[in-house]
Structures are given as structure tokens and as C-alpha cells.
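Colleague: What follows is work_28.tsv; its format and atoms are TSV, C-alpha atoms.
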chain	number	residue	atom	x	y	z
A	1	MET	CA	129.69	111.76	84.75
A	2	LYS	CA	132.61	109.40	84.13
A	3	ASN	CA	132.15	105.66	84.34
A	4	PHE	CA	133.09	104.26	87.72
A	5	GLN	CA	132.81	101.22	89.93
A	6	GLN	CA	132.72	101.52	93.71
A	7	GLN	CA	132.66	98.91	96.41
A	8	ILE	CA	130.37	99.50	99.38
A	9	SER	CA	130.93	97.54	102.59
A	10	ILE	CA	128.63	96.95	105.56
A	11	ASP	CA	129.79	95.40	108.83
A	12	SER	CA	127.94	92.41	110.23
A	13	LEU	CA	125.44	92.87	113.05
A	14	ILE	CA	125.75	90.18	115.71
A	15	ILE	CA	123.69	90.32	118.92
A	16	GLY	CA	123.99	87.64	121.58
A	17	GLY	CA	125.88	85.38	119.21
A	18	VAL	CA	123.09	85.58	116.60
A	19	THR	CA	123.83	87.11	113.20
A	20	HIS	CA	121.08	89.59	112.36
A	21	CYS	CA	122.86	90.95	109.29
A	22	PRO	CA	125.88	89.38	107.56
A	23	PRO	CA	128.85	91.42	106.30
A	24	ILE	CA	128.06	92.88	102.87
A	25	ASP	CA	130.48	93.76	100.07
A	26	LEU	CA	128.72	95.01	96.96
A	27	SER	CA	130.10	96.60	93.80
A	28	LEU	CA	128.00	99.45	92.36
A	29	GLU	CA	128.56	100.66	88.80
A	30	SER	CA	127.70	103.87	86.99
A	31	GLY	CA	124.67	103.54	84.75
A	32	ILE	CA	123.47	100.38	86.55
A	33	ILE	CA	120.34	100.04	88.71
A	34	THR	CA	120.88	97.46	91.47
A	35	GLY	CA	118.19	96.05	93.75
A	36	LEU	CA	118.70	94.73	97.30
A	37	TYR	CA	115.87	92.54	98.56
A	38	SER	CA	115.73	91.89	102.31
A	39	ASP	CA	113.61	92.36	105.44
A	40	VAL	CA	112.78	95.64	107.17
A	41	ASN	CA	115.38	95.41	109.93
A	42	LYS	CA	118.28	94.53	107.64
A	43	ILE	CA	117.37	97.35	105.26
A	44	GLU	CA	117.25	99.86	108.11
A	45	TYR	CA	120.59	98.64	109.47
A	46	MET	CA	122.33	98.67	106.07
A	47	MET	CA	121.13	102.18	105.20
A	48	ASN	CA	122.23	103.55	108.57
A	49	GLN	CA	125.66	101.96	108.06
A	50	LEU	CA	126.08	103.71	104.71
A	51	GLN	CA	125.25	107.19	106.03
A	52	GLY	CA	128.22	109.51	106.06
A	53	ASP	CA	129.86	108.16	102.91
A	54	PRO	CA	130.58	111.33	100.87
A	55	ALA	CA	129.96	109.48	97.57
A	56	ILE	CA	126.49	108.26	98.55
A	57	ASN	CA	123.14	110.07	98.74
A	58	ILE	CA	120.84	108.15	101.10
A	59	HIS	CA	117.17	108.70	100.23
A	60	PHE	CA	115.01	107.72	103.20
A	61	ARG	CA	111.31	107.19	102.50
A	62	GLN	CA	110.36	109.30	105.53
A	63	ASP	CA	112.67	112.31	105.01
A	64	GLY	CA	111.33	115.41	106.72
A	65	HIS	CA	109.68	118.44	105.11
A	66	TYR	CA	108.07	121.77	106.03
A	67	ASP	CA	104.28	121.62	105.84
A	68	ARG	CA	103.90	125.39	105.43
A	69	LEU	CA	105.99	125.52	102.24
A	70	SER	CA	104.59	124.99	98.75
A	71	ILE	CA	106.06	122.33	96.47
A	72	LEU	CA	108.02	125.01	94.59
A	73	GLU	CA	109.23	126.68	97.79
A	74	SER	CA	110.29	123.32	99.25
A	75	ILE	CA	112.44	122.41	96.23
A	76	LYS	CA	113.97	125.90	96.06
A	77	PHE	CA	114.72	125.76	99.79
A	78	GLU	CA	116.61	122.47	99.31
A	79	CYS	CA	118.55	123.95	96.39
A	80	ALA	CA	119.55	126.98	98.47
A	81	LEU	CA	120.45	124.78	101.44
A	82	TYR	CA	122.93	122.76	99.39
A	83	ASN	CA	123.92	125.65	97.08
A	84	VAL	CA	122.82	123.72	93.97
A	85	LYS	CA	121.26	125.12	90.82
A	86	ILE	CA	118.84	122.92	88.88
A	87	ASN	CA	116.06	123.60	86.39
A	88	VAL	CA	113.20	123.45	88.89
A	89	ASP	CA	110.48	123.58	86.21
A	90	ASP	CA	111.96	120.56	84.43
A	91	VAL	CA	112.07	118.60	87.69
A	92	LEU	CA	108.48	119.56	88.53
A	93	LYS	CA	107.36	118.34	85.12
A	94	MET	CA	109.27	115.08	85.58
A	95	ILE	CA	107.54	114.34	88.90
A	96	GLY	CA	104.17	115.35	87.43
A	97	LEU	CA	103.53	118.28	89.80
A	98	PHE	CA	104.25	121.34	87.66
A	99	ASP	CA	100.58	122.44	87.69
A	100	GLN	CA	100.45	121.95	91.48
A	101	LYS	CA	103.72	123.72	92.31
A	102	ASN	CA	102.01	126.29	94.54
A	103	VAL	CA	100.14	123.69	96.62
A	104	LYS	CA	101.28	123.48	100.25
A	105	MET	CA	103.15	120.34	101.27
A	106	LYS	CA	100.61	119.71	104.04
A	107	ASN	CA	97.84	119.37	101.43
A	108	LEU	CA	99.55	116.67	99.33
A	109	THR	CA	98.58	113.01	99.24
A	110	TYR	CA	101.15	110.47	100.42
A	111	SER	CA	102.07	109.58	96.81
A	112	GLU	CA	102.45	113.25	95.80
A	113	LEU	CA	104.64	113.89	98.85
A	114	GLN	CA	106.92	111.02	97.87
A	115	ARG	CA	107.21	112.50	94.37
A	116	VAL	CA	108.40	115.82	95.83
A	117	ARG	CA	111.01	113.91	97.81
A	118	LEU	CA	112.20	112.33	94.57
A	119	ALA	CA	113.13	115.80	93.34
A	120	LYS	CA	115.85	115.90	96.00
A	121	LEU	CA	117.72	113.21	94.06
A	122	PHE	CA	118.60	115.85	91.47
A	123	ILE	CA	119.72	118.29	94.16
A	124	HIS	CA	122.20	115.89	95.77
A	125	GLU	CA	124.76	115.57	92.98
A	126	LYS	CA	126.51	112.42	94.11
A	127	PRO	CA	127.63	109.43	92.04
A	128	ILE	CA	125.63	106.89	94.07
A	129	HIS	CA	121.96	107.12	95.07
A	130	ILE	CA	120.45	104.61	97.51
A	131	LEU	CA	116.65	104.64	97.83
A	132	GLN	CA	114.63	103.05	100.62
A	133	GLU	CA	111.33	101.39	99.56
A	134	PRO	CA	110.77	103.78	96.61
A	135	TYR	CA	107.53	102.07	95.48
A	136	GLN	CA	105.89	101.32	98.83
A	137	ASN	CA	102.22	102.43	99.13
A	138	LEU	CA	102.37	104.55	95.96
A	139	ASP	CA	99.62	104.89	93.37
A	140	ASN	CA	100.33	103.58	89.86
A	141	LYS	CA	101.14	106.99	88.39
A	142	SER	CA	103.69	107.67	91.12
A	143	LYS	CA	105.31	104.26	90.59
A	144	GLU	CA	105.76	105.13	86.92
A	145	ILE	CA	107.37	108.43	87.95
A	146	VAL	CA	109.76	106.57	90.27
A	147	ASN	CA	110.82	104.46	87.28
A	148	LEU	CA	111.29	107.60	85.18
A	149	VAL	CA	113.42	109.33	87.84
A	150	VAL	CA	115.55	106.24	88.47
A	151	LYS	CA	116.16	105.70	84.74
A	152	THR	CA	117.06	109.39	84.33
A	153	LEU	CA	119.69	109.07	87.07
A	154	LYS	CA	120.96	105.92	85.36
A	155	ASN	CA	121.24	107.70	82.01
A	156	GLN	CA	123.14	110.53	83.71
A	157	GLY	CA	125.74	107.96	84.77
A	158	SER	CA	124.80	107.55	88.43
A	159	ALA	CA	124.79	104.21	90.23
A	160	VAL	CA	121.35	103.61	91.71
A	161	CYS	CA	120.55	101.04	94.40
A	162	LEU	CA	116.99	100.26	95.54
A	163	PHE	CA	116.45	98.66	98.98
A	164	THR	CA	113.04	96.99	99.37
A	165	THR	CA	111.16	94.16	101.06
A	166	ASN	CA	109.14	93.54	97.87
A	167	LEU	CA	110.94	91.45	95.24
A	168	GLU	CA	108.20	92.14	92.70
A	169	ASP	CA	109.09	95.85	92.73
A	170	LEU	CA	112.66	95.04	91.69
A	171	ILE	CA	112.12	92.45	88.98
A	172	HIS	CA	111.11	94.89	86.23
A	173	SER	CA	112.89	98.05	87.43
A	174	THR	CA	116.51	96.98	87.99
A	175	ASP	CA	119.43	95.57	86.02
A	176	LYS	CA	120.34	93.08	88.75
A	177	VAL	CA	118.93	92.04	92.11
A	178	PHE	CA	120.60	90.62	95.22
A	179	ARG	CA	118.94	88.92	98.17
A	180	VAL	CA	120.35	89.67	101.63
A	181	ASP	CA	119.61	87.13	104.36
A	182	GLU	CA	121.47	85.61	107.32
A	183	LYS	CA	123.65	83.60	104.90
A	184	GLY	CA	124.88	86.66	103.05
A	185	LEU	CA	124.51	88.31	99.66
A	186	LYS	CA	123.17	86.25	96.74
A	187	LEU	CA	122.55	87.31	93.14
A	188	ILE	CA	119.01	86.49	91.95
A	189	ASP	CA	118.64	85.22	88.37
A	190	LEU	CA	116.08	87.69	86.99
A	191	GLN	CA	115.70	85.76	83.74
A	192	GLU	CA	114.81	82.64	85.70
A	193	VAL	CA	112.23	84.59	87.73
A	194	ASN	CA	110.71	86.13	84.60
A	195	ASP	CA	110.61	82.78	82.81
A	196	PHE	CA	108.78	81.22	85.74
A	197	THR	CA	106.16	83.97	85.95
A	198	GLN	CA	105.46	83.65	82.23
A	199	LYS	CA	104.91	79.89	82.39
A	200	GLU	CA	101.62	78.26	83.25
A	201	ILE	CA	101.59	77.40	86.96
A	202	PRO	CA	101.22	73.63	87.53
A	203	GLU	CA	97.96	72.59	89.19
A	204	LYS	CA	99.78	70.90	92.10
A	205	LEU	CA	101.87	73.98	92.85
A	206	THR	CA	100.29	76.20	95.49
A	207	ILE	CA	101.60	79.73	95.96
A	208	GLN	CA	100.65	81.54	99.15
A	209	LEU	CA	100.36	85.29	98.69
A	210	GLU	CA	99.22	87.24	101.73
A	211	LYS	CA	97.90	90.78	101.36
A	212	ILE	CA	96.00	92.67	104.04
A	213	PRO	CA	93.05	94.59	102.54
A	214	THR	CA	92.14	98.05	103.82
A	215	LYS	CA	89.92	100.80	102.50
A	216	MET	CA	90.55	104.54	102.26
A	217	ASN	CA	88.46	107.10	100.38
A	218	ASP	CA	86.60	104.43	98.39
A	219	LYS	CA	89.89	102.82	97.36
A	220	LEU	CA	90.97	99.30	98.27
A	221	ILE	CA	94.58	99.40	99.51
A	222	LEU	CA	96.53	96.15	99.91
A	223	PHE	CA	99.49	95.97	102.31
A	224	ASN	CA	102.29	93.43	102.49
A	225	PRO	CA	102.69	92.17	106.10
A	226	PRO	CA	106.22	93.67	106.56
A	227	GLU	CA	104.80	97.14	105.82
A	228	ILE	CA	102.39	97.03	108.78
A	229	ASP	CA	103.45	98.46	112.17
A	230	TYR	CA	100.50	97.34	114.28
A	231	ILE	CA	96.75	96.77	114.21
A	232	GLU	CA	94.22	98.00	116.76
A	233	SER	CA	90.53	97.45	117.41
A	234	ILE	CA	88.58	100.23	119.11
A	235	GLU	CA	84.85	99.79	119.73
A	236	GLY	CA	84.70	97.11	117.05
A	237	ILE	CA	86.49	99.19	114.39
A	238	VAL	CA	89.77	97.67	113.17
A	239	ASN	CA	92.54	99.96	111.88
A	240	VAL	CA	95.81	98.90	110.25
A	241	HIS	CA	98.65	101.32	111.10
A	242	VAL	CA	101.35	101.95	108.51
A	243	ASN	CA	103.94	104.74	108.85
A	244	GLY	CA	101.79	106.80	111.19
A	245	ASP	CA	98.60	106.49	109.14
A	246	ALA	CA	95.52	104.38	110.03
A	247	TYR	CA	93.64	102.37	107.39
A	248	PRO	CA	90.21	100.80	108.18
A	249	CYS	CA	90.03	97.03	107.69
A	250	SER	CA	86.92	94.82	107.47
A	251	LEU	CA	88.67	91.75	108.92
A	252	THR	CA	88.45	90.97	112.63
A	253	LEU	CA	91.47	90.88	114.92
A	254	ASN	CA	91.13	87.10	115.22
A	255	GLU	CA	91.17	86.72	111.44
A	256	LEU	CA	94.16	89.03	111.12
A	257	GLU	CA	96.02	87.21	113.89
A	258	LYS	CA	95.70	83.89	112.03
A	259	ARG	CA	96.87	85.44	108.77
A	260	LEU	CA	99.80	87.36	110.23
A	261	MET	CA	101.29	85.00	112.83
A	262	PRO	CA	103.54	83.31	110.21
A	263	PHE	CA	104.97	86.76	109.39
A	264	GLY	CA	106.16	87.53	112.92
A	265	PHE	CA	103.09	89.29	114.33
A	266	PHE	CA	102.04	88.93	117.98
A	267	ARG	CA	98.71	89.46	119.78
A	268	CYS	CA	100.16	91.68	122.52
A	269	HIS	CA	96.80	92.82	123.90
A	270	ARG	CA	93.17	91.84	123.39
A	271	SER	CA	92.78	94.92	121.16
A	272	TYR	CA	96.22	94.99	119.50
A	273	ILE	CA	98.42	92.96	117.14
A	274	VAL	CA	102.01	94.15	116.65
A	275	ASN	CA	104.70	93.45	114.06
A	276	LEU	CA	107.56	92.17	116.24
A	277	GLN	CA	110.09	93.17	113.58
A	278	LYS	CA	109.18	96.80	114.36
A	279	VAL	CA	109.50	96.57	118.18
A	280	ARG	CA	112.48	98.54	119.51
A	281	GLU	CA	111.80	98.79	123.27
A	282	ILE	CA	109.68	97.20	126.01
A	283	ILE	CA	108.93	99.67	128.80
A	284	THR	CA	106.94	99.67	132.03
A	285	TRP	CA	103.88	101.88	131.60
A	286	THR	CA	102.25	101.44	135.01
A	287	LYS	CA	102.79	98.99	137.84
A	288	ASN	CA	100.81	96.29	136.07
A	289	SER	CA	101.09	97.25	132.40
A	290	TYR	CA	103.75	97.61	129.73
A	291	SER	CA	104.20	99.27	126.35
A	292	LEU	CA	106.03	98.37	123.16
A	293	ILE	CA	107.90	101.23	121.48
A	294	LEU	CA	108.24	100.77	117.73
A	295	SER	CA	111.24	101.70	115.61
A	296	GLY	CA	111.19	104.40	112.95
A	297	LYS	CA	110.57	108.12	113.08
A	298	GLU	CA	106.93	107.71	114.10
A	299	ARG	CA	107.96	105.83	117.33
A	300	GLY	CA	104.53	104.24	117.80
A	301	ASN	CA	103.42	103.11	121.26
A	302	VAL	CA	101.48	99.82	121.59
A	303	PRO	CA	100.14	98.41	124.89
A	304	LEU	CA	101.41	95.04	126.12
A	305	SER	CA	99.20	93.06	128.50
A	306	ARG	CA	100.85	91.76	131.63
A	307	SER	CA	99.58	88.27	130.77
A	308	LYS	CA	101.33	88.49	127.38
A	309	LEU	CA	104.71	89.61	128.73
A	310	VAL	CA	105.94	86.12	129.62
A	311	GLU	CA	104.83	84.76	126.25
A	312	LEU	CA	106.63	87.57	124.44
A	313	LYS	CA	109.83	86.97	126.40
A	314	GLY	CA	109.72	83.35	125.35
A	315	ILE	CA	109.30	84.29	121.69
A	316	ILE	CA	112.24	86.70	121.60
A	317	GLY	CA	114.40	84.55	123.91
A	318	ILE	CA	114.88	86.73	126.99
Can the structure in the file be given as C-alpha cells, please?

Modeller:
Amino acid sequence: MKNFQQQISIDSLIIGGVTHCPPIDLSLESGIITGLYSDVNKIEYMMNQLQGDPAINIHFRQDGHYDRLSILESIKFECALYNVKINVDDVLKMIGLFDQKNVKMKNLTYSELQRVRLAKLFIHEKPIHILQEPYQNLDNKSKEIVNLVVKTLKNQGSAVCLFTTNLEDLIHSTDKVFRVDEKGLKLIDLQEVNDFTQKEIPEKLTIQLEKIPTKMNDKLILFNPPEIDYIESIEGIVNVHVNGDAYPCSLTLNELEKRLMPFGFFRCHRSYIVNLQKVREIITWTKNSYSLILSGKERGNVPLSRSKLVELKGIIGI
């Protein structure tokens, strides 16, 4: 692939006179891995804006698949669909699933499923690849495979851009990182960040790091607040919902409410806490009750108490 440089542009998103996403002009270069660090809503908006560009392959974290197909059948199906020939065995070895190639997609773990989706990056032969949250909720082995795949694309001369809400994921995996907030696009000095993390932290400096602990199959899984869709408590059992999956949590709703309020979470019902960044619609459920419809392909439904409706309207300014 020849060296190239391409400018991508994203229009601003202004609602009710408030800028939710500024206009973005970013230059992507062949053989360079670029990171964009922002919040969930801005990332979703920017990726949707870039769809349709013939030079860009958009890799959504929740791309669909056929449960009944095996890993091998799924990759071959994608190749046939786009009339592309690749060395499937080499790709299977790269994503660490060669020995499991005959396993059905429905029987894969979340991390294994994401690895199969990575194979599609070699099927879509485009100069620019944009990946949404490539490291989110993956096990360590799968994160290493993401790095391997991304570096392979880089070495092939592609421009790779990673969109994520986790700055830590970008620091050691990209050549340059930009922050996107209401003020616009700003280049982050990676050397300065690395130098700071390697220095001894002064005693008077307090860093607040909030992770929500859950447990699944004897494993402790930690979630960043922006990853969480909502939390529910049923008969005293608390579950944290992320991308359609439920993870048991030992904390109470009251404890979680205190931890998560600074991150834009709202106690919408005595048994529910919702991430307001994920709320897309407020609908009437019955005469005296309401529901919150969440964004994303899962389209979760969370109850909203009538007594909480007025409070919520005040928070979002309606």
C-alpha cells in the first residue's frame, strides 16, 4: 500500500444551542496508529458520521454475527460476501483461534467473539480502519491479540484509528492520541503522560480512580463507569448490566449510587440506577409509570418512577 495522508471531517452536533460534539478535522496517515479519547456519546456520533466513506472501514464493537456458524464458516462467509480472498488459516492463527475454528460462534466467550470480529479487518481491504473500543472488557490474551492485529495493519501501510473512553488503553498502543471534548480536538503529549506515570506520586497528590467490581465465573471483573448501561437490584441481588450482559456485584444500590453520581448516573427507581449518557428516549409505560430506552443495539428498557420524572427533567433541562 502506498503512503498516503487523508483528512477526515466530522460536522458539529448542536442541540438546543448546546454543543455536544465540536467540528473535527483530523489527518490520518498510512502506517500510523492514532487514538481518539472521548466520551461514549461523542464516539458514537463521530463513528456514525464517518460511515459511508469508501476509504474507511468502520469496525463497531457490536457487529452482528450468525450464532449457528463455526468460526471458520463465519470468516469464509464474510470473505464470500465481499468477494475477498485471504489466507484464513493465517488469520485464525493470528487471532489465536486456529485450534477452535470449528467451534460455533454461539459457544464463544465475549473475548473470543471479539477476536473473530478482528478477522474482518483483513477482509475489508481499505486504507483506513477505525475501531470502536477495541480493548473494552477483553481478557489479557485478547488485548495482546488486538495489539498484534493493529500493528499488522500498521505494517501493511493502513492508517488505524482507535476510538475509546479509556485513555490508558491508548497510551501504550498508539503513535499519537487526541482528546475530543466540547472545546475541540487536542493532541495529548504521550511522553508527558508516560513521564508522569513513571515518577513517584507526591504524598499530597490524591488520584481518584473509580472501578465497579463484579464477579463472573470466579473472576473479578472491573468496569469503568462509562461502560455500564444500568444497574438493577432484584430480591436483594445486584446486577451490573453492560452490553446486554449482567454481572453480579456485592455492593448495594446505595453504595453504587454514591460512587456513580459524579459520573452521570441517576437513581431512576428504587431498584434501578441508570447511566444518563446511555438514555435515548423517555416513554410512557402505563398511566402512572415511565420507561427509559437506552441507546445502542441492545436497546435496554429501564423503569422510571413517577416521583423521579420531575427530578430527571430538571437534570437534563426539559

Colleague: My list of candidates is A:Asn41, A:Asn57, A:Asn3, A:Ser9. Which is closest to Ser27 in chain A when distances are computed with only C-alpha atoms?

Modeller: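 Counting only C-alpha atoms, the residue closest to Ser27 in chain A is A:Ser9.
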
Colleague: A:Phe163, A:Glu281, A:Lys176, A:Leu138: which is nearest Phe223 in chain A, counting all atoms listed in the file?

Modeller: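 That would be A:Leu138, the residue with the smallest distance to Phe223 in chain A.
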
Colleague: For a cutoff of 12 Å around the file-coordinate point (122.4, 103.3, 104.3), which residues qualify once you count all atoms listed in the file? I'd like the result as a PyMOL selection string.

Modeller: chain A and resi 8-11+24+36+41-61+128-132+161-163

Colleague: CA of Leu26 in chain A to CA of Phe178 in chain A: how many Å, to one decimal?

Modeller: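 Distance between the two atoms: 9.4 Å.
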
Colleague: Would you mind listing what lies within 9 Å of His269 in chain A as a list in words, with only C-alpha atoms counted and same-chain residues fewer than 6 positions away left out?

Modeller: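 These residues fall inside the cut-off: Val302, Pro303, Leu304, Ser305, Arg306, Ser307 and Lys308 of chain A.
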
Colleague: Once 3 Å is added on each side, what centre and edge lengths in Å to one decimal does the axis-aligned box around all listed atoms of range 296-311 of chain A have, as lines of an AutoDock Vina configuration file?

Modeller:
center_x = 105.2
center_y = 96.4
center_z = 122.3
size_x = 18.0
size_y = 29.4
size_z = 24.7

Colleague: Could you check which of A:Tyr66, A:Tyr37, A:Tyr290, A:Tyr272 is closest to Leu170 in chain A, using all atoms listed in the file?

Modeller: A:Tyr37

Colleague: Compile the contact shell of range 91-99 of chain A as number ranges by chain: residues with an atom at most 9 Å away, counting only C-alpha atoms, same-chain residues fewer than 3 positions apart removed.

Modeller: A: 71-72, 86-88, 102, 112, 115-116, 118-119, 122, 141-142, 145-146, 148-149

Colleague: Taking the block just given, write range 103-140 of chain A to a file that holds N, CA and C atoms, as a PDB file, in the first residue's frame.

Modeller:
ATOM      1  N   VAL A 103     -15.544 -24.460  16.314  1.00  0.00           N
ATOM      2  CA  VAL A 103     -16.468 -24.135  17.406  1.00  0.00           C
ATOM      3  C   VAL A 103     -17.522 -23.142  16.907  1.00  0.00           C
ATOM      4  N   LYS A 104     -18.785 -23.369  17.298  1.00  0.00           N
ATOM      5  CA  LYS A 104     -19.864 -22.473  16.891  1.00  0.00           C
ATOM      6  C   LYS A 104     -19.701 -21.104  17.553  1.00  0.00           C
ATOM      7  N   MET A 105     -20.099 -20.077  16.837  1.00  0.00           N
ATOM      8  CA  MET A 105     -19.998 -18.705  17.350  1.00  0.00           C
ATOM      9  C   MET A 105     -20.773 -18.553  18.654  1.00  0.00           C
ATOM     10  N   LYS A 106     -21.898 -19.242  18.772  1.00  0.00           N
ATOM     11  CA  LYS A 106     -22.742 -19.108  19.964  1.00  0.00           C
ATOM     12  C   LYS A 106     -22.064 -19.661  21.216  1.00  0.00           C
ATOM     13  N   ASN A 107     -21.021 -20.468  21.041  1.00  0.00           N
ATOM     14  CA  ASN A 107     -20.339 -21.087  22.187  1.00  0.00           C
ATOM     15  C   ASN A 107     -19.055 -20.356  22.586  1.00  0.00           C
ATOM     16  N   LEU A 108     -18.782 -19.213  21.969  1.00  0.00           N
ATOM     17  CA  LEU A 108     -17.562 -18.465  22.266  1.00  0.00           C
ATOM     18  C   LEU A 108     -17.767 -17.541  23.462  1.00  0.00           C
ATOM     19  N   THR A 109     -16.683 -17.266  24.169  1.00  0.00           N
ATOM     20  CA  THR A 109     -16.722 -16.240  25.211  1.00  0.00           C
ATOM     21  C   THR A 109     -16.770 -14.868  24.532  1.00  0.00           C
ATOM     22  N   TYR A 110     -17.059 -13.842  25.322  1.00  0.00           N
ATOM     23  CA  TYR A 110     -17.101 -12.484  24.763  1.00  0.00           C
ATOM     24  C   TYR A 110     -15.761 -12.124  24.127  1.00  0.00           C
ATOM     25  N   SER A 111     -14.649 -12.412  24.809  1.00  0.00           N
ATOM     26  CA  SER A 111     -13.328 -12.062  24.289  1.00  0.00           C
ATOM     27  C   SER A 111     -13.022 -12.813  22.998  1.00  0.00           C
ATOM     28  N   GLU A 112     -13.381 -14.101  22.937  1.00  0.00           N
ATOM     29  CA  GLU A 112     -13.147 -14.889  21.720  1.00  0.00           C
ATOM     30  C   GLU A 112     -13.981 -14.353  20.563  1.00  0.00           C
ATOM     31  N   LEU A 113     -15.209 -13.961  20.852  1.00  0.00           N
ATOM     32  CA  LEU A 113     -16.083 -13.401  19.819  1.00  0.00           C
ATOM     33  C   LEU A 113     -15.486 -12.115  19.244  1.00  0.00           C
ATOM     34  N   GLN A 114     -14.927 -11.279  20.112  1.00  0.00           N
ATOM     35  CA  GLN A 114     -14.308 -10.044  19.636  1.00  0.00           C
ATOM     36  C   GLN A 114     -13.086 -10.342  18.766  1.00  0.00           C
ATOM     37  N   ARG A 115     -12.383 -11.427  19.075  1.00  0.00           N
ATOM     38  CA  ARG A 115     -11.227 -11.802  18.258  1.00  0.00           C
ATOM     39  C   ARG A 115     -11.659 -12.221  16.848  1.00  0.00           C
ATOM     40  N   VAL A 116     -12.784 -12.944  16.753  1.00  0.00           N
ATOM     41  CA  VAL A 116     -13.301 -13.323  15.437  1.00  0.00           C
ATOM     42  C   VAL A 116     -13.655 -12.072  14.645  1.00  0.00           C
ATOM     43  N   ARG A 117     -14.237 -11.089  15.325  1.00  0.00           N
ATOM     44  CA  ARG A 117     -14.596  -9.849  14.642  1.00  0.00           C
ATOM     45  C   ARG A 117     -13.362  -9.116  14.125  1.00  0.00           C
ATOM     46  N   LEU A 118     -12.239  -9.278  14.839  1.00  0.00           N
ATOM     47  CA  LEU A 118     -10.997  -8.649  14.379  1.00  0.00           C
ATOM     48  C   LEU A 118     -10.558  -9.192  13.024  1.00  0.00           C
ATOM     49  N   ALA A 119     -10.901 -10.448  12.763  1.00  0.00           N
ATOM     50  CA  ALA A 119     -10.517 -11.050  11.483  1.00  0.00           C
ATOM     51  C   ALA A 119     -11.107 -10.289  10.300  1.00  0.00           C
ATOM     52  N   LYS A 120     -12.258  -9.651  10.528  1.00  0.00           N
ATOM     53  CA  LYS A 120     -12.913  -8.907   9.448  1.00  0.00           C
ATOM     54  C   LYS A 120     -12.064  -7.729   8.961  1.00  0.00           C
ATOM     55  N   LEU A 121     -11.143  -7.270   9.806  1.00  0.00           N
ATOM     56  CA  LEU A 121     -10.282  -6.155   9.410  1.00  0.00           C
ATOM     57  C   LEU A 121      -9.414  -6.523   8.214  1.00  0.00           C
ATOM     58  N   PHE A 122      -9.116  -7.812   8.059  1.00  0.00           N
ATOM     59  CA  PHE A 122      -8.295  -8.251   6.929  1.00  0.00           C
ATOM     60  C   PHE A 122      -9.146  -8.574   5.702  1.00  0.00           C
ATOM     61  N   ILE A 123     -10.456  -8.624   5.910  1.00  0.00           N
ATOM     62  CA  ILE A 123     -11.372  -8.854   4.790  1.00  0.00           C
ATOM     63  C   ILE A 123     -11.723  -7.537   4.107  1.00  0.00           C
ATOM     64  N   HIS A 124     -11.884  -6.489   4.918  1.00  0.00           N
ATOM     65  CA  HIS A 124     -12.207  -5.166   4.360  1.00  0.00           C
ATOM     66  C   HIS A 124     -10.911  -4.458   3.988  1.00  0.00           C
ATOM     67  N   GLU A 125     -10.511  -4.566   2.747  1.00  0.00           N
ATOM     68  CA  GLU A 125      -9.234  -4.026   2.290  1.00  0.00           C
ATOM     69  C   GLU A 125      -9.371  -2.538   1.977  1.00  0.00           C
ATOM     70  N   LYS A 126      -9.376  -1.741   3.018  1.00  0.00           N
ATOM     71  CA  LYS A 126      -9.482  -0.297   2.859  1.00  0.00           C
ATOM     72  C   LYS A 126      -8.280   0.372   3.513  1.00  0.00           C
ATOM     73  N   PRO A 127      -7.926   1.560   3.045  1.00  0.00           N
ATOM     74  CA  PRO A 127      -6.716   2.215   3.583  1.00  0.00           C
ATOM     75  C   PRO A 127      -6.837   2.666   5.030  1.00  0.00           C
ATOM     76  N   ILE A 128      -8.074   2.926   5.499  1.00  0.00           N
ATOM     77  CA  ILE A 128      -8.269   3.432   6.856  1.00  0.00           C
ATOM     78  C   ILE A 128      -9.185   2.485   7.635  1.00  0.00           C
ATOM     79  N   HIS A 129      -8.754   2.120   8.841  1.00  0.00           N
ATOM     80  CA  HIS A 129      -9.572   1.291   9.727  1.00  0.00           C
ATOM     81  C   HIS A 129      -9.834   2.063  11.017  1.00  0.00           C
ATOM     82  N   ILE A 130     -11.106   2.207  11.365  1.00  0.00           N
ATOM     83  CA  ILE A 130     -11.488   2.880  12.607  1.00  0.00           C
ATOM     84  C   ILE A 130     -12.167   1.864  13.516  1.00  0.00           C
ATOM     85  N   LEU A 131     -11.616   1.689  14.735  1.00  0.00           N
ATOM     86  CA  LEU A 131     -12.097   0.666  15.655  1.00  0.00           C
ATOM     87  C   LEU A 131     -12.728   1.309  16.885  1.00  0.00           C
ATOM     88  N   GLN A 132     -13.906   0.830  17.246  1.00  0.00           N
ATOM     89  CA  GLN A 132     -14.603   1.315  18.430  1.00  0.00           C
ATOM     90  C   GLN A 132     -14.271   0.443  19.642  1.00  0.00           C
ATOM     91  N   GLU A 133     -13.740   1.060  20.702  1.00  0.00           N
ATOM     92  CA  GLU A 133     -13.452   0.384  21.975  1.00  0.00           C
ATOM     93  C   GLU A 133     -12.849  -1.014  21.774  1.00  0.00           C
ATOM     94  N   PRO A 134     -11.701  -1.118  21.091  1.00  0.00           N
ATOM     95  CA  PRO A 134     -11.165  -2.452  20.776  1.00  0.00           C
ATOM     96  C   PRO A 134     -10.707  -3.258  21.981  1.00  0.00           C
ATOM     97  N   TYR A 135     -10.444  -2.610  23.122  1.00  0.00           N
ATOM     98  CA  TYR A 135      -9.926  -3.320  24.297  1.00  0.00           C
ATOM     99  C   TYR A 135     -10.986  -3.556  25.380  1.00  0.00           C
ATOM    100  N   GLN A 136     -12.163  -2.997  25.220  1.00  0.00           N
ATOM    101  CA  GLN A 136     -13.141  -2.968  26.307  1.00  0.00           C
ATOM    102  C   GLN A 136     -13.601  -4.364  26.701  1.00  0.00           C
ATOM    103  N   ASN A 137     -13.468  -4.687  28.007  1.00  0.00           N
ATOM    104  CA  ASN A 137     -13.955  -5.942  28.606  1.00  0.00           C
ATOM    105  C   ASN A 137     -13.238  -7.200  28.099  1.00  0.00           C
ATOM    106  N   LEU A 138     -12.075  -7.039  27.480  1.00  0.00           N
ATOM    107  CA  LEU A 138     -11.347  -8.203  26.979  1.00  0.00           C
ATOM    108  C   LEU A 138     -10.411  -8.775  28.037  1.00  0.00           C
ATOM    109  N   ASP A 139     -10.138 -10.092  27.915  1.00  0.00           N
ATOM    110  CA  ASP A 139      -9.116 -10.685  28.776  1.00  0.00           C
ATOM    111  C   ASP A 139      -7.734 -10.263  28.259  1.00  0.00           C
ATOM    112  N   ASN A 140      -6.704 -10.518  29.074  1.00  0.00           N
ATOM    113  CA  ASN A 140      -5.361 -10.042  28.734  1.00  0.00           C
ATOM    114  C   ASN A 140      -4.841 -10.623  27.425  1.00  0.00           C
TER     115      ASN A 140
END
